[in-house]
Amino acid sequence: MYRKPVTLKGRAIYSFSLGSGIFLLGVTLRTLLDSWGVSGVAAAIDDMLIGLIAGLLVFAYERRQHKILHEKVRVISEMNHHVRNALQPIIYSPYLKEQAEQVRIIQEGTRRIEWALREVLPGEDTAPPSAKSSTSKPSTSQPKSAA
């Protein structure tokens with residue numbers, strides 16, 4: 001799921017290679033049409049087809065980029081939901097009378113945030129060793145929040 005980000009240089013090389021390929025395709029077709037003695041409307045249709053191919057390639061690229069961006073927004077939204085739910089009890093913990101209960105609530109919220117970071121975010125597992133021992137979602141009920 002995690003993909004290494006493409007550098008600006010990589011995108012530029014890809015774009016110019018694609019543009020050069022379309023240019024060479026156009027030159028090749030134009031040369032073939034000229035050698036066959038085709039001109040006028042047929043040559044215009046050739047140019048239109050080259051433009052259509054270029055448009056389809058750009059469309060495919062943009063569609064792929066949109067899917068990647070949509071997935072990133074989904075992950076951010078899910079993380080926002082889990083972190084907000086985990087923070088809710090921590091916010092109200094100062095109102096508890098017993099300090100031991102406050103500490104327990106804060107630790108539980110911390111475990112829930114660590115779980116969300118480990119399970120929701122793509123990429124390498126960077127959770128501390130104490131959090132790696134339990135890979136299941138915390139069993140405590142999460143209060144509803146306006147996330």
# chains A, B, ... in the order shown; residues from 1 in each chain; ligands from 1

$ residues_around --residues "Val75 of chain A" --least-positions-apart "4" --cutoff "8 Å" --atoms "only C-alpha atoms" --output "PyMOL selection string"
chain A and resi 71+79+120-121

$ write_last_selection --atoms "N, CA and C atoms" --output "compact mmCIF listing (two decimals), in the first residue's frame"
# COMPACT_ATOMS: atom_id res chain seq x y z
N GLU A 71 -7.13 7.90 -1.76
CA GLU A 71 -6.70 6.95 -0.73
C GLU A 71 -6.00 7.67 0.42
N MET A 79 -7.58 8.21 10.38
CA MET A 79 -6.69 8.53 11.50
C MET A 79 -7.31 9.61 12.38
N VAL A 120 -3.60 1.77 11.02
CA VAL A 120 -4.27 2.56 9.99
C VAL A 120 -3.29 3.16 9.00
N LEU A 121 -2.17 3.69 9.51
CA LEU A 121 -1.20 4.33 8.63
C LEU A 121 -0.42 3.29 7.83

$ closest_residue --among "A:Leu96, A:Leu57, A:Ala86, A:Ile106" --to "Ser15 of chain A" --atoms "only C-alpha atoms"
A:Leu57

$ atom_distance --atom1 "atom CA of Arg112 of chain A" --atom2 "atom CA of Val73 of chain A"
20.9 Å

$ residues_around --residues "Phe23 of chain A" --least-positions-apart "4" --cutoff "12 Å" --atoms "only C-alpha atoms" --output "list in words"
Phe16, Ser17, Leu18, Gly19, Val27, Thr28, Leu29, Arg30, Asp47, Ile50, Gly51, Ile53 and Ala54 of chain A

$ write_last_selection --atoms "C-alpha atoms" --output "short mmCIF file (atom, residue, chain, number, x, y, z; two decimals), in the first residue's frame"
data_model
loop_
_atom_site.label_atom_id
_atom_site.label_comp_id
_atom_site.auth_asym_id
_atom_site.auth_seq_id
_atom_site.Cartn_x
_atom_site.Cartn_y
_atom_site.Cartn_z
CA PHE A 16 9.00 14.37 -21.33
CA SER A 17 9.41 10.73 -22.34
CA LEU A 18 5.69 10.42 -22.88
CA GLY A 19 5.60 13.66 -24.86
CA VAL A 27 6.22 12.25 -37.02
CA THR A 28 6.23 8.57 -38.03
CA LEU A 29 2.59 8.62 -39.05
CA ARG A 30 2.99 11.92 -40.90
CA ASP A 47 -3.45 14.68 -36.24
CA ILE A 50 -2.54 11.67 -32.20
CA GLY A 51 -4.31 14.27 -30.07
CA ILE A 53 -4.01 9.28 -27.90
CA ALA A 54 -2.30 12.07 -25.98
#

$ closest_residue --among "A:Val103, A:Val6, A:Met48, A:Leu56" --to "Ile90 of chain A" --atoms "only C-alpha atoms"
A:Val103

$ residues_around --residues "Gln102 of chain A" --least-positions-apart "4" --cutoff "12 Å" --atoms "only C-alpha atoms" --output "VMD selection string"
chain A and resid 89 to 98 106 to 109

$ closest_residue --among "A:Lys72, A:Ser77, A:Asp34, A:Glu101" --to "Pro122 of chain A" --atoms "only C-alpha atoms"
A:Lys72

$ closest_residue --among "A:Ile22, A:Ala42, A:Ile13, A:Ile113" --to "Glu78 of chain A" --atoms "only C-alpha atoms"
A:Ile113
